[in-house]
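To start, the structure under review is shown below, and the notes come after it.
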Amino acid sequence: MEDTEEFLETILRQDFSSFIGKVFSTINPGAKYHANWHIDLLAEYLEGVRLGQIKRLIINMPPRALKSVCVSVAWHAWLLSLNPGTRIMVASYSSILSIKHSMDTRLVVSSSWYKKLFPKTKLSKSHNQKSKFLTTKNGFRFATSVGGSATGEGGDFLIIDDPHNPTQINSLKMRNKVIEWFEQTFITRLNDKKNGAIVLVMQRLHQEDLSAHLQSSNCWEI
């Protein structure tokens, strides 16, 4: 029994795809997790980003396919588990959505199984807020909204999760507002312009959405 438990713990420490399943069960107690090839593929690409092999990544997925659980919750807990000094910034079109993902990530990092597997990653007691929590190694996860303030903040990893409000997507003004915010504000928050990573994950909503805008550049992996 002990050997089996140790084996499972080893898998969770080393395999991000398996880690995602554990995270899902933690933030959705009682819900059934359905492993699928697309989650393994996401895990592979996100590991490429973590290792510095991919600097700019676009992930286009339909809704209800666990994109936010994988990218905006599990991946952040994974990054902090391997390097508690990592600094992460995340933005969504909705501040409520941003806060939810932040709280889900904090729930995972605070869980007993996570603490057992990754004892070096500890939350700071002096700065543990819904929108931003720090580790004792000065790493953090900071949540904001598209168009929201990020003054004074900087990240090693910048993530945009669903930047467009679906109810406003047919407005040229609102689409351009998101693109301008990304180009003029969010992208400038990278701590290391050369080695820092940016990930966009979203459902496609329009032929001229942020995903389309960025795909016109050859520097993005899609």
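Just so we're on the same page: first chain in the structure tokens is A, next is B, and so on; residues restart at 1 for each chain, and ligands are numbered from 1 in the order they show up.
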
Point to revise | Close residues, Thr121 (chain A) itself excluded, 12 Å, only C-alpha atoms, min 2 positions apart in chain, as a ChimeraX atom specification | key: /A:77-86,106,108-111,114-119,123-124,134-140

Check your understanding: Where does DSSP see alpha helix (DSSP H) in region 39-163 of chain A, if you list the residues as a ChimeraX atom specification?
Key -> /A:39-50,67-68,75-82,95-110,112-117

Review point. Where in chain A does DSSP assign strand (DSSP E or B), given as a PyMOL selection string?
Key: chain A and resi 56-60+87-92+123-128+132-135+140-145+155+157-161+190+197-202+221

Practice item. Kindly give the distance, in Å, that separates CA of His206 (chain A) and CA of Asn165 (chain A), rounded to a single decimal. Key: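 Computing it gives 11.3 Å between the two atoms.
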
Practice item. Could you give me, as an NGL selection string, the residues within 7 Å of Ser17 (chain A), counting only C-alpha atoms and dropping anything in the same chain fewer than 3 positions from it? Key: :A and (20-21 or 39-40 or 43)

Taking N, CA, C and O atoms for each residue, export the selection above as a PDB file, in the first residue's frame.
ATOM      1  N   ILE A  20      -2.683  17.615 -13.470  1.00  0.00           N
ATOM      2  CA  ILE A  20      -3.920  18.303 -13.847  1.00  0.00           C
ATOM      3  C   ILE A  20      -5.136  17.553 -13.321  1.00  0.00           C
ATOM      4  O   ILE A  20      -6.086  18.149 -12.790  1.00  0.00           O
ATOM      5  N   GLY A  21      -5.125  16.223 -13.456  1.00  0.00           N
ATOM      6  CA  GLY A  21      -6.247  15.425 -12.957  1.00  0.00           C
ATOM      7  C   GLY A  21      -6.439  15.578 -11.458  1.00  0.00           C
ATOM      8  O   GLY A  21      -7.570  15.663 -10.968  1.00  0.00           O
ATOM      9  N   ILE A  39      -5.735  17.065 -23.229  1.00  0.00           N
ATOM     10  CA  ILE A  39      -5.113  17.507 -21.976  1.00  0.00           C
ATOM     11  C   ILE A  39      -3.630  17.123 -21.972  1.00  0.00           C
ATOM     12  O   ILE A  39      -2.778  17.904 -21.540  1.00  0.00           O
ATOM     13  N   ASP A  40      -3.328  15.930 -22.471  1.00  0.00           N
ATOM     14  CA  ASP A  40      -1.925  15.525 -22.597  1.00  0.00           C
ATOM     15  C   ASP A  40      -1.168  16.463 -23.540  1.00  0.00           C
ATOM     16  O   ASP A  40      -0.016  16.826 -23.292  1.00  0.00           O
ATOM     17  N   ALA A  43      -0.579  19.774 -21.802  1.00  0.00           N
ATOM     18  CA  ALA A  43       0.490  19.601 -20.819  1.00  0.00           C
ATOM     19  C   ALA A  43       1.856  19.625 -21.500  1.00  0.00           C
ATOM     20  O   ALA A  43       2.808  20.230 -20.997  1.00  0.00           O
TER      21      ALA A  43
END

Point to revise | Close residues, Arg64 (chain A) itself excluded, 12 Å, only C-alpha atoms, min 5 positions apart in chain, as a list in words | key: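 Near Arg64 (chain A), the qualifying residues are Val69, Cys70, Met202 and Gln203 of chain A.
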
**Study point:** Atom pair CA of Ile169 (chain A) / CA of Tyr93 (chain A): separation (Å)
**Key:** 11.3 Å

Exercise for review: Please indicate the distance in Å from CA of Gln168 (chain A) to CA of Val71 (chain A), rounded to one decimal place.
Suggested key: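 Rounded to one decimal, the two atoms are 23.9 Å apart.
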
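Minimum atom-to-atom distance to Gly196 (chain A), evaluated using only C-alpha atoms, belongs to A:Arg50 out of A:His127, A:His213, A:Arg50, A:Lys173.
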